[in-house]
Amino acid sequence: MTTTESTLSEERLLEVSDLEKHFPIKQGFLKKEVGQILAVDGVNFHINEGETLGLVGESGCGKTTTARCILRAVDPTNGQILFRTREDEVVDIARLKGAELKKIRSEIQMIFQDPFSSLNPRMTLLDTIGEPLLLNNIGSKDDREQRVAELLEMVGLRPEYMRRFPHAFSGGQRQRIGIARALALNPKLVVADEPVSALDVSVQAQVLNLMADLQEELGLTYLFVAHDLSVVKHISDRVAVMYVGKLVEMAPTDDLFSTPKHPYTAALLSAVPEPDPRTKSERIILQGEVANPADPPSGCYFHPRCSYATEQCKSETPVLQEITDGHYVSCHRAEELILDGVLAE
Amino acid sequence: MMSSDQPILEVKNLETHFPLDEGTVVAVNGASFEVMPGKTLGIVGESGCGKSVAARSIMRILDKPGEIVGGEILFRRNMGEDSEEVVDIASMNTNSAEIKSIRGGEIAYVFQEPMTSFSPVHTIGNQIIETIRLHQDISKEGAREVAIHALNAVGIPLADRRLNDYSFQLSGGLRQRAMIAMTLVSNPTILIADEPTTALDVTNQAQLLELMSELQSDNGMAIVLITHDLGVIAEMADHVSVMYLGEVVESAPVDDIFHNPQHPYTKALLKSIPKIRSNSSERLASISGTVPHPYDRPKGCAFGPRCDFFMPGRCDASIPALQEVGPVHQVSCFLYDEGD
């Protein structure tokens, strides 16, 4: 096993450092590389055992690519992803190959966004949920059936349904099937990429409650990738905010929402329409568009849209630093700015 | 000028059906709502509740084989010189000259997905100019000026150059702005926006909602805002109609919907959404079950099987009618029946 020298402090399950993923832009007949999209551009964060880290940002900010790097669905360009395995070994996921990688895959599982396209319409629930077991040669046929029944019950579906096909189920039920499949191998870390954004509001609550129950029951750790800040606030212990491939802020949930330190986080929070006509908050309307990750601005990537930007912001790239206990920000002016958050009622 | 205390658009008992081989899908089942001039009506509901079909019925742009089988859509047309005329859109031929002059003219429509609602093989400019010349007798150069003006009005930078762009060259936010610009050129009295911000990020959504409010106060148009997002409704709407399975179950001023909801569905829906200002550790109150398939809609009240206040023998026997429970506040639920 390629146990790296790097250490992982006791309570941490995963630590991502300087993660980068660049996609080449190819053009012409010879597919000449003409540039690179810096989808993930030096990201640092950690997840503690048993907690939920919410990863938020707008489309194109690299949150999904970050999640896919952790799953090794894509190979990171640079950086380290330390992970504590079941045997309490620390491995660097970014560098694993072959059999070692396959072994780790059973410990990190994914819940997908779209419950309609992520399930194979030609496979019964038994096949879909039992497939991870089959691939890892776990148990006999009867054992697998029993495990699938157990999993279905765990996610609130009737075990009798296991011979049915996905088309017979609604969006919310399909998402439960996806969750059951993700849990089949008893993973330690579950990466959920927008798990409720395709669901109706009345069903969204059911799935969020289910995920919270399962976490408590099985001691799961979640990386919850989403764009809906209300949902993220509800489910996360800590929240990390991304903007154009970089992490701009990370803090415990209540801290981040009540006292954001990065101007982008503050703008993002103020943009969320509150479902109450009596609290029309002061909006920070950001000017312009999200920067192009193939040609990011100089200095701080947010400076062209930031109303607090100074000359320093245009030339120097800020680094992520811990300014108060557990509150990380990458902004030159983090110490002096006092920004409005959303206060709990 | 039109009197402002009379609705500009009145939808009465609208029924829209989709006869398919497997059976008839009753997409809109006797929905009624009113649009007041210069105000915003929010129509909120989950997927499959018929909110988009109701809006498309008003425009008469239903996908085949959808058809309006009952009800009226009364539109108060301003004929200039203080004269008005009330026409029933529901009874018009979908290809008549009359509906064509209303569609895209007096009533404009903003689609959810701006990527698919613009043609990818024509420039944005050509598409806007075509719209202008369909409704106004104006030269190409004149129409181009109007188009540039409209793009400027919605805050698109370098409007004269953007006219030559194709829709795929614009970002999602800009594309939706261009869509709104296209609807504005004909000075609509009603703008129907069907999930206008669903495909956008929150910061773009905030920009677009602000733009729509500004345009409304400048032009005085009425907006019908269709969305599943209660936050957007709270922000924008003056009056709200809540739909469930093709029916309007509650209709009230926006403040009443959020602070004095009456229908069990509205109450449950409000409790089930996570709020950014609430205590994060609270468990969400979820609504059991799922929205039924329109083929097998439950007997009686459509929400009955998921309702906490279900009364056997009553709720599953007949469909409750929309009734007044307060000034301009209507609910369709047997809990509020006079007879009790």
# chains A, B, ... in the order shown; residues from 1 in each chain; ligands from 1
>>> select_by_dssp(residues="segment 62-298 of chain B", states="strand (DSSP E or B)", output="PyMOL selection string")
chain B and resi 67-78+84-88+103+107-110+123+166+190-194+222-227+239-244+247-253
>>> write_last_selection(atoms="C-alpha atoms", output="compact mmCIF listing (two decimals), in the first residue's frame")
# COMPACT_ATOMS: atom_id res chain seq x y z
CA GLU B 67 -56.65 21.19 -26.14
CA ILE B 68 -58.82 23.52 -24.13
CA VAL B 69 -62.05 21.64 -23.51
CA GLY B 70 -63.79 24.06 -21.19
CA GLY B 71 -63.74 27.43 -19.50
CA GLU B 72 -63.01 30.95 -20.58
CA ILE B 73 -59.90 33.10 -20.86
CA LEU B 74 -61.18 36.67 -20.91
CA PHE B 75 -58.65 39.24 -22.02
CA ARG B 76 -59.40 42.96 -21.82
CA ARG B 77 -57.84 44.46 -24.93
CA ASN B 78 -57.02 48.11 -25.09
CA GLU B 84 -61.77 48.41 -24.52
CA GLU B 85 -62.90 45.10 -25.79
CA VAL B 86 -63.13 41.86 -23.88
CA VAL B 87 -62.23 38.83 -25.96
CA ASP B 88 -62.29 35.15 -25.05
CA ARG B 103 -49.50 36.32 -28.88
CA ILE B 107 -49.22 39.07 -24.17
CA ALA B 108 -45.58 38.05 -24.24
CA TYR B 109 -44.04 34.84 -22.98
CA VAL B 110 -40.64 34.16 -21.43
CA THR B 123 -28.59 35.73 -34.79
CA TYR B 166 -25.93 33.64 -31.93
CA ILE B 190 -49.04 41.08 -19.83
CA LEU B 191 -45.74 39.26 -19.52
CA ILE B 192 -46.00 35.56 -18.77
CA ALA B 193 -42.74 34.26 -17.34
CA ASP B 194 -42.58 30.48 -17.02
CA ALA B 222 -48.81 42.86 -15.55
CA ILE B 223 -46.63 39.82 -14.88
CA VAL B 224 -47.73 36.24 -14.50
CA LEU B 225 -44.83 34.54 -12.77
CA ILE B 226 -44.85 30.77 -12.81
CA THR B 227 -42.40 29.05 -10.50
CA HIS B 239 -51.13 37.89 -5.40
CA VAL B 240 -50.50 34.13 -5.39
CA SER B 241 -52.41 31.15 -6.74
CA VAL B 242 -51.28 27.77 -5.45
CA MET B 243 -51.93 24.89 -7.84
CA TYR B 244 -52.05 21.18 -7.16
CA GLU B 247 -56.55 22.84 -9.68
CA VAL B 248 -56.10 26.13 -7.87
CA VAL B 249 -56.28 25.11 -4.22
CA GLU B 250 -55.61 28.50 -2.67
CA SER B 251 -55.53 32.06 -3.93
CA ALA B 252 -54.59 35.01 -1.74
CA PRO B 253 -52.46 38.15 -1.44
>>> closest_atom_pairs(of="chain A", to="chain B", cutoff="7 Å", atoms="only C-alpha atoms", output="Markdown table")
| residue | atom | partner | partner_atom | distance |
| --- | --- | --- | --- | --- |
| A:Glu58 | CA | B:Asp201 | CA | 5.7 |
| A:Ser59 | CA | B:Asp201 | CA | 6.8 |
| A:Asp200 | CA | B:Glu46 | CA | 5.9 |
| A:Val201 | CA | B:Ile273 | CA | 6.6 |
| A:Ser202 | CA | B:Ile287 | CA | 5.6 |
| A:Val203 | CA | B:Thr290 | CA | 6.8 |
| A:Ala205 | CA | B:Ser286 | CA | 5.1 |
| A:Gln206 | CA | B:Ser286 | CA | 5.5 |
| A:Asn209 | CA | B:Leu284 | CA | 6.7 |
| A:Leu229 | CA | B:Ile276 | CA | 7.0 |
| A:Ser230 | CA | B:Ile276 | CA | 4.5 |
| A:Val231 | CA | B:Pro274 | CA | 5.8 |
| A:Lys233 | CA | B:Ser280 | CA | 6.1 |
| A:His234 | CA | B:Ser280 | CA | 4.5 |
| A:Leu268 | CA | B:Thr203 | CA | 6.3 |
| A:Ala271 | CA | B:Ala206 | CA | 5.5 |
| A:Val272 | CA | B:Val202 | CA | 6.2 |
| A:Pro273 | CA | B:Gly231 | CA | 4.6 |
| A:Glu274 | CA | B:Gly231 | CA | 4.7 |
| A:Pro275 | CA | B:Gly231 | CA | 3.8 |
| A:Asp276 | CA | B:Ala234 | CA | 5.4 |
| A:Pro277 | CA | B:Ala234 | CA | 4.6 |
| A:Lys280 | CA | B:Glu235 | CA | 7.0 |
| A:Ile285 | CA | B:Gln207 | CA | 6.1 |
| A:Leu286 | CA | B:Thr203 | CA | 6.7 |
| A:Val342 | CA | B:Arg277 | CA | 6.2 |
| A:Leu343 | CA | B:Arg277 | CA | 5.9 |
| A:Ala344 | CA | B:Arg277 | CA | 4.4 |
| A:Glu345 | CA | B:Arg277 | CA | 6.0 |
>>> write_last_selection(atoms="N, CA and C atoms", output="short mmCIF file (atom, residue, chain, number, x, y, z; two decimals), in the first residue's frame")
data_model
loop_
_atom_site.label_atom_id
_atom_site.label_comp_id
_atom_site.auth_asym_id
_atom_site.auth_seq_id
_atom_site.Cartn_x
_atom_site.Cartn_y
_atom_site.Cartn_z
N GLU A 58 -21.58 28.65 -7.81
CA GLU A 58 -22.44 28.74 -8.98
C GLU A 58 -21.98 27.75 -10.04
N SER A 59 -22.79 27.58 -11.08
CA SER A 59 -22.41 26.61 -12.10
C SER A 59 -21.08 27.01 -12.73
N ASP A 200 -39.04 17.62 -6.47
CA ASP A 200 -40.03 18.60 -6.07
C ASP A 200 -39.83 19.00 -4.63
N VAL A 201 -40.25 20.22 -4.29
CA VAL A 201 -40.03 20.69 -2.92
C VAL A 201 -40.60 19.77 -1.86
N SER A 202 -41.78 19.22 -2.11
CA SER A 202 -42.40 18.40 -1.07
C SER A 202 -41.66 17.09 -0.89
N VAL A 203 -40.95 16.64 -1.92
CA VAL A 203 -40.22 15.38 -1.85
C VAL A 203 -38.79 15.61 -1.35
N ALA A 205 -37.74 17.41 1.04
CA ALA A 205 -37.65 17.30 2.49
C ALA A 205 -37.52 15.85 2.93
N GLN A 206 -38.26 14.94 2.26
CA GLN A 206 -38.17 13.52 2.60
C GLN A 206 -36.75 13.00 2.42
N ASN A 209 -34.29 14.47 5.01
CA ASN A 209 -34.46 13.82 6.31
C ASN A 209 -33.87 12.42 6.31
N LEU A 229 -28.41 27.32 -1.33
CA LEU A 229 -27.82 27.65 -0.04
C LEU A 229 -28.73 27.29 1.14
N SER A 230 -30.04 27.35 0.93
CA SER A 230 -30.94 27.00 2.04
C SER A 230 -30.80 25.52 2.38
N VAL A 231 -30.71 24.70 1.35
CA VAL A 231 -30.56 23.26 1.56
C VAL A 231 -29.22 22.97 2.22
N LYS A 233 -27.42 24.93 4.05
CA LYS A 233 -27.43 25.39 5.43
C LYS A 233 -28.10 24.36 6.32
N HIS A 234 -29.17 23.78 5.78
CA HIS A 234 -29.94 22.84 6.59
C HIS A 234 -29.15 21.59 6.93
N LEU A 268 -23.56 36.14 -2.37
CA LEU A 268 -24.30 34.90 -2.63
C LEU A 268 -25.45 34.75 -1.63
N ALA A 271 -28.34 37.08 -2.24
CA ALA A 271 -29.09 36.83 -3.48
C ALA A 271 -30.17 35.78 -3.31
N VAL A 272 -30.14 35.05 -2.21
CA VAL A 272 -31.12 33.98 -2.02
C VAL A 272 -32.47 34.60 -1.66
N PRO A 273 -33.50 34.37 -2.48
CA PRO A 273 -34.80 34.94 -2.14
C PRO A 273 -35.40 34.21 -0.94
N GLU A 274 -35.77 34.97 0.06
CA GLU A 274 -36.31 34.39 1.29
C GLU A 274 -37.80 34.14 1.12
N PRO A 275 -38.27 32.93 1.48
CA PRO A 275 -39.71 32.67 1.31
C PRO A 275 -40.55 33.38 2.38
N ASP A 276 -40.44 34.67 2.45
CA ASP A 276 -41.25 35.46 3.36
C ASP A 276 -41.32 36.89 2.82
N PRO A 277 -42.51 37.32 2.39
CA PRO A 277 -42.60 38.65 1.77
C PRO A 277 -42.28 39.78 2.74
N LYS A 280 -37.84 41.54 3.05
CA LYS A 280 -37.14 41.83 1.80
C LYS A 280 -35.79 42.41 2.14
N ILE A 285 -26.40 43.25 -5.60
CA ILE A 285 -26.49 42.78 -6.98
C ILE A 285 -25.09 42.82 -7.58
N LEU A 286 -24.56 41.64 -7.89
CA LEU A 286 -23.22 41.58 -8.48
C LEU A 286 -23.29 42.06 -9.92
N VAL A 342 -26.84 36.36 6.95
CA VAL A 342 -28.26 36.19 7.24
C VAL A 342 -28.36 35.66 8.67
N LEU A 343 -29.10 36.35 9.50
CA LEU A 343 -29.20 35.95 10.89
C LEU A 343 -30.40 35.05 11.09
N ALA A 344 -30.21 34.07 11.93
CA ALA A 344 -31.33 33.19 12.25
C ALA A 344 -32.36 33.99 13.03
N GLU A 345 -33.63 33.61 12.82
CA GLU A 345 -34.69 34.36 13.49
C GLU A 345 -34.67 34.12 14.99
#
>>> closest_residue(among="B:Gly38, B:Lys64, B:Val26, B:Gln262", to="Gly326 of chain B", atoms="only C-alpha atoms")
B:Gln262
>>> residues_around(residues="segment 217-222 of chain A", least_positions_apart="6", cutoff="10 Å", atoms="only C-alpha atoms", output="PDB file with N, CA and C atoms, in the first residue's frame")
ATOM      1  N   LEU A  13     -11.122  12.746   8.141  1.00  0.00           N
ATOM      2  CA  LEU A  13     -11.300  11.584   7.280  1.00  0.00           C
ATOM      3  C   LEU A  13     -10.655  11.852   5.925  1.00  0.00           C
ATOM      4  N   LEU A  14     -10.739  13.106   5.494  1.00  0.00           N
ATOM      5  CA  LEU A  14     -10.250  13.448   4.164  1.00  0.00           C
ATOM      6  C   LEU A  14      -9.586  14.815   4.218  1.00  0.00           C
ATOM      7  N   ILE A  47     -12.388  17.213   5.591  1.00  0.00           N
ATOM      8  CA  ILE A  47     -13.685  16.781   6.119  1.00  0.00           C
ATOM      9  C   ILE A  47     -13.411  15.930   7.346  1.00  0.00           C
ATOM     10  N   ASN A  48     -14.061  16.258   8.456  1.00  0.00           N
ATOM     11  CA  ASN A  48     -13.900  15.475   9.673  1.00  0.00           C
ATOM     12  C   ASN A  48     -14.793  14.252   9.632  1.00  0.00           C
ATOM     13  N   GLU A  49     -14.413  13.249  10.395  1.00  0.00           N
ATOM     14  CA  GLU A  49     -15.175  12.010  10.426  1.00  0.00           C
ATOM     15  C   GLU A  49     -16.586  12.260  10.974  1.00  0.00           C
ATOM     16  N   GLY A  50     -17.587  11.778  10.252  1.00  0.00           N
ATOM     17  CA  GLY A  50     -18.963  11.858  10.735  1.00  0.00           C
ATOM     18  C   GLY A  50     -19.666  13.180  10.487  1.00  0.00           C
ATOM     19  N   GLU A  51     -19.014  14.118   9.824  1.00  0.00           N
ATOM     20  CA  GLU A  51     -19.679  15.404   9.592  1.00  0.00           C
ATOM     21  C   GLU A  51     -20.157  15.532   8.141  1.00  0.00           C
ATOM     22  N   THR A  52     -20.867  16.615   7.882  1.00  0.00           N
ATOM     23  CA  THR A  52     -21.276  16.935   6.522  1.00  0.00           C
ATOM     24  C   THR A  52     -20.618  18.237   6.120  1.00  0.00           C
ATOM     25  N   LEU A  53     -19.853  18.190   5.037  1.00  0.00           N
ATOM     26  CA  LEU A  53     -19.291  19.420   4.497  1.00  0.00           C
ATOM     27  C   LEU A  53     -20.103  19.793   3.267  1.00  0.00           C
ATOM     28  N   GLY A  54     -20.666  20.979   3.277  1.00  0.00           N
ATOM     29  CA  GLY A  54     -21.403  21.459   2.108  1.00  0.00           C
ATOM     30  C   GLY A  54     -20.440  22.194   1.197  1.00  0.00           C
ATOM     31  N   ILE A 108     -15.709   5.005  -0.808  1.00  0.00           N
ATOM     32  CA  ILE A 108     -16.232   6.314  -1.194  1.00  0.00           C
ATOM     33  C   ILE A 108     -17.292   6.096  -2.261  1.00  0.00           C
ATOM     34  N   GLN A 109     -18.491   6.497  -1.998  1.00  0.00           N
ATOM     35  CA  GLN A 109     -19.569   6.263  -2.946  1.00  0.00           C
ATOM     36  C   GLN A 109     -20.255   7.572  -3.299  1.00  0.00           C
ATOM     37  N   MET A 110     -21.017   7.537  -4.376  1.00  0.00           N
ATOM     38  CA  MET A 110     -21.613   8.766  -4.873  1.00  0.00           C
ATOM     39  C   MET A 110     -23.129   8.664  -4.992  1.00  0.00           C
ATOM     40  N   MET A 154     -33.982   0.141   4.582  1.00  0.00           N
ATOM     41  CA  MET A 154     -33.247   1.234   5.210  1.00  0.00           C
ATOM     42  C   MET A 154     -33.591   2.593   4.588  1.00  0.00           C
ATOM     43  N   LEU A 183     -25.025   2.888  -0.595  1.00  0.00           N
ATOM     44  CA  LEU A 183     -24.737   2.360   0.742  1.00  0.00           C
ATOM     45  C   LEU A 183     -24.413   0.877   0.741  1.00  0.00           C
ATOM     46  N   ASN A 186     -21.208  -0.338   2.400  1.00  0.00           N
ATOM     47  CA  ASN A 186     -20.847   0.293   3.670  1.00  0.00           C
ATOM     48  C   ASN A 186     -19.738   1.332   3.524  1.00  0.00           C
ATOM     49  N   PRO A 187     -19.949   2.344   2.728  1.00  0.00           N
ATOM     50  CA  PRO A 187     -18.885   3.324   2.523  1.00  0.00           C
ATOM     51  C   PRO A 187     -18.666   4.173   3.770  1.00  0.00           C
ATOM     52  N   LYS A 188     -17.487   4.803   3.832  1.00  0.00           N
ATOM     53  CA  LYS A 188     -17.238   5.744   4.927  1.00  0.00           C
ATOM     54  C   LYS A 188     -17.637   7.144   4.496  1.00  0.00           C
ATOM     55  N   LEU A 189     -17.310   7.453   3.233  1.00  0.00           N
ATOM     56  CA  LEU A 189     -17.588   8.793   2.729  1.00  0.00           C
ATOM     57  C   LEU A 189     -18.604   8.707   1.589  1.00  0.00           C
ATOM     58  N   VAL A 190     -19.649   9.509   1.645  1.00  0.00           N
ATOM     59  CA  VAL A 190     -20.608   9.561   0.560  1.00  0.00           C
ATOM     60  C   VAL A 190     -20.553  10.959  -0.064  1.00  0.00           C
ATOM     61  N   VAL A 191     -20.271  10.997  -1.364  1.00  0.00           N
ATOM     62  CA  VAL A 191     -20.248  12.258  -2.085  1.00  0.00           C
ATOM     63  C   VAL A 191     -21.601  12.412  -2.768  1.00  0.00           C
ATOM     64  N   ALA A 192     -22.352  13.428  -2.364  1.00  0.00           N
ATOM     65  CA  ALA A 192     -23.680  13.635  -2.941  1.00  0.00           C
ATOM     66  C   ALA A 192     -23.627  14.885  -3.802  1.00  0.00           C
ATOM     67  N   MET A 211     -31.394  11.312   4.474  1.00  0.00           N
ATOM     68  CA  MET A 211     -29.933  11.396   4.494  1.00  0.00           C
ATOM     69  C   MET A 211     -29.428  11.695   5.914  1.00  0.00           C
ATOM     70  N   ILE A 235     -28.394  21.065   5.973  1.00  0.00           N
ATOM     71  CA  ILE A 235     -27.802  19.731   6.172  1.00  0.00           C
ATOM     72  C   ILE A 235     -26.344  19.767   6.633  1.00  0.00           C
ATOM     73  N   SER A 236     -25.639  20.884   6.426  1.00  0.00           N
ATOM     74  CA  SER A 236     -24.187  20.861   6.636  1.00  0.00           C
ATOM     75  C   SER A 236     -23.761  21.255   8.046  1.00  0.00           C
ATOM     76  N   ASP A 237     -22.637  20.673   8.484  1.00  0.00           N
ATOM     77  CA  ASP A 237     -21.983  21.119   9.712  1.00  0.00           C
ATOM     78  C   ASP A 237     -21.029  22.254   9.394  1.00  0.00           C
TER      79      ASP A 237
END
>>> closest_residue(among="A:Leu337, A:Thr66, A:Gly299, A:Asp325", to="Cys313 of chain A", atoms="only C-alpha atoms")
A:Gly299
>>> residues_around(residues="segment 124-134 of chain B", least_positions_apart="5", cutoff="7 Å", atoms="only C-alpha atoms", output="PyMOL selection string")
chain B and resi 143-144+147+163-167+182+185-186
>>> select_by_dssp(residues="segment 89-216 of chain A", states="helix (DSSP H, G or I)", output="ChimeraX atom specification")
/A:93-95,98-105,125-135,141-154,159-163,166-168,171-183,201-216
>>> write_last_selection(atoms="C-alpha atoms", output="PDB file, in the first residue's frame")
ATOM      1  CA  ILE A  93      -6.243   8.960  -3.471  1.00  0.00           C
ATOM      2  CA  ALA A  94      -4.715  11.178  -6.161  1.00  0.00           C
ATOM      3  CA  ARG A  95      -1.872   8.706  -6.622  1.00  0.00           C
ATOM      4  CA  GLY A  98      -5.194  -0.434 -10.097  1.00  0.00           C
ATOM      5  CA  ALA A  99      -6.162  -2.784  -7.289  1.00  0.00           C
ATOM      6  CA  GLU A 100      -5.437  -0.257  -4.558  1.00  0.00           C
ATOM      7  CA  LEU A 101      -7.736   2.266  -6.177  1.00  0.00           C
ATOM      8  CA  LYS A 102     -10.445  -0.350  -6.583  1.00  0.00           C
ATOM      9  CA  LYS A 103     -10.221  -1.154  -2.904  1.00  0.00           C
ATOM     10  CA  ILE A 104     -10.702   2.483  -1.933  1.00  0.00           C
ATOM     11  CA  ARG A 105     -13.656   2.850  -4.279  1.00  0.00           C
ATOM     12  CA  LEU A 125     -33.642  -2.758  -8.305  1.00  0.00           C
ATOM     13  CA  LEU A 126     -32.068  -6.042  -7.269  1.00  0.00           C
ATOM     14  CA  ASP A 127     -29.550  -5.794 -10.125  1.00  0.00           C
ATOM     15  CA  THR A 128     -28.896  -2.092  -9.631  1.00  0.00           C
ATOM     16  CA  ILE A 129     -28.447  -2.143  -5.881  1.00  0.00           C
ATOM     17  CA  GLY A 130     -26.781  -5.570  -5.842  1.00  0.00           C
ATOM     18  CA  GLU A 131     -24.271  -4.743  -8.591  1.00  0.00           C
ATOM     19  CA  PRO A 132     -21.608  -3.260  -6.291  1.00  0.00           C
ATOM     20  CA  LEU A 133     -21.788  -6.446  -4.192  1.00  0.00           C
ATOM     21  CA  LEU A 134     -21.501  -8.659  -7.255  1.00  0.00           C
ATOM     22  CA  LEU A 135     -18.522  -6.720  -8.620  1.00  0.00           C
ATOM     23  CA  LYS A 141     -26.856 -14.843  -4.575  1.00  0.00           C
ATOM     24  CA  ASP A 142     -29.123 -15.302  -1.572  1.00  0.00           C
ATOM     25  CA  ASP A 143     -26.903 -13.158   0.626  1.00  0.00           C
ATOM     26  CA  ARG A 144     -27.040 -10.398  -1.925  1.00  0.00           C
ATOM     27  CA  GLU A 145     -30.806 -10.579  -2.123  1.00  0.00           C
ATOM     28  CA  GLN A 146     -31.025 -10.331   1.601  1.00  0.00           C
ATOM     29  CA  ARG A 147     -28.687  -7.351   1.662  1.00  0.00           C
ATOM     30  CA  VAL A 148     -30.692  -5.574  -1.062  1.00  0.00           C
ATOM     31  CA  ALA A 149     -33.884  -6.145   0.924  1.00  0.00           C
ATOM     32  CA  GLU A 150     -32.187  -4.715   3.978  1.00  0.00           C
ATOM     33  CA  LEU A 151     -30.963  -1.676   2.020  1.00  0.00           C
ATOM     34  CA  LEU A 152     -34.381  -1.031   0.514  1.00  0.00           C
ATOM     35  CA  GLU A 153     -35.933  -1.094   3.943  1.00  0.00           C
ATOM     36  CA  MET A 154     -33.247   1.234   5.210  1.00  0.00           C
ATOM     37  CA  PRO A 159     -38.326  -5.017  -0.156  1.00  0.00           C
ATOM     38  CA  GLU A 160     -41.012  -6.562  -2.396  1.00  0.00           C
ATOM     39  CA  TYR A 161     -40.162  -3.901  -4.981  1.00  0.00           C
ATOM     40  CA  MET A 162     -36.743  -5.398  -5.725  1.00  0.00           C
ATOM     41  CA  ARG A 163     -37.814  -7.136  -8.938  1.00  0.00           C
ATOM     42  CA  PRO A 166     -36.887   2.048 -12.206  1.00  0.00           C
ATOM     43  CA  HIS A 167     -39.671   3.365 -14.463  1.00  0.00           C
ATOM     44  CA  ALA A 168     -42.224   2.255 -11.898  1.00  0.00           C
ATOM     45  CA  GLY A 171     -38.322  10.918  -8.697  1.00  0.00           C
ATOM     46  CA  GLY A 172     -38.095  10.822  -4.915  1.00  0.00           C
ATOM     47  CA  GLN A 173     -38.265   7.020  -4.824  1.00  0.00           C
ATOM     48  CA  ARG A 174     -35.587   6.768  -7.505  1.00  0.00           C
ATOM     49  CA  GLN A 175     -33.316   8.970  -5.459  1.00  0.00           C
ATOM     50  CA  ARG A 176     -33.858   6.543  -2.557  1.00  0.00           C
ATOM     51  CA  ILE A 177     -32.793   3.708  -4.875  1.00  0.00           C
ATOM     52  CA  GLY A 178     -29.643   5.659  -5.738  1.00  0.00           C
ATOM     53  CA  ILE A 179     -28.925   6.119  -2.047  1.00  0.00           C
ATOM     54  CA  ALA A 180     -29.461   2.404  -1.362  1.00  0.00           C
ATOM     55  CA  ARG A 181     -26.968   1.551  -4.080  1.00  0.00           C
ATOM     56  CA  ALA A 182     -24.424   3.990  -2.694  1.00  0.00           C
ATOM     57  CA  LEU A 183     -24.737   2.360   0.742  1.00  0.00           C
ATOM     58  CA  VAL A 201     -40.030  20.691  -2.922  1.00  0.00           C
ATOM     59  CA  SER A 202     -42.404  18.401  -1.071  1.00  0.00           C
ATOM     60  CA  VAL A 203     -40.218  15.378  -1.847  1.00  0.00           C
ATOM     61  CA  GLN A 204     -36.919  17.181  -1.234  1.00  0.00           C
ATOM     62  CA  ALA A 205     -37.649  17.303   2.493  1.00  0.00           C
ATOM     63  CA  GLN A 206     -38.168  13.518   2.604  1.00  0.00           C
ATOM     64  CA  VAL A 207     -34.793  12.837   0.987  1.00  0.00           C
ATOM     65  CA  LEU A 208     -32.958  15.354   3.177  1.00  0.00           C
ATOM     66  CA  ASN A 209     -34.461  13.817   6.310  1.00  0.00           C
ATOM     67  CA  LEU A 210     -33.527  10.337   5.078  1.00  0.00           C
ATOM     68  CA  MET A 211     -29.933  11.396   4.494  1.00  0.00           C
ATOM     69  CA  ALA A 212     -29.753  12.873   8.009  1.00  0.00           C
ATOM     70  CA  ASP A 213     -31.190   9.680   9.544  1.00  0.00           C
ATOM     71  CA  LEU A 214     -28.778   7.439   7.655  1.00  0.00           C
ATOM     72  CA  GLN A 215     -25.838   9.559   8.716  1.00  0.00           C
ATOM     73  CA  GLU A 216     -26.790   9.143  12.350  1.00  0.00           C
TER      74      GLU A 216
END
>>> closest_residue(among="B:Val331, B:Arg306, B:Thr40, B:Ile102", to="Met212 of chain B", atoms="only C-alpha atoms")
B:Thr40
>>> atom_distance(atom1="atom CA of Arg333 of chain A", atom2="atom CA of Leu247 of chain A")
15.8 Å
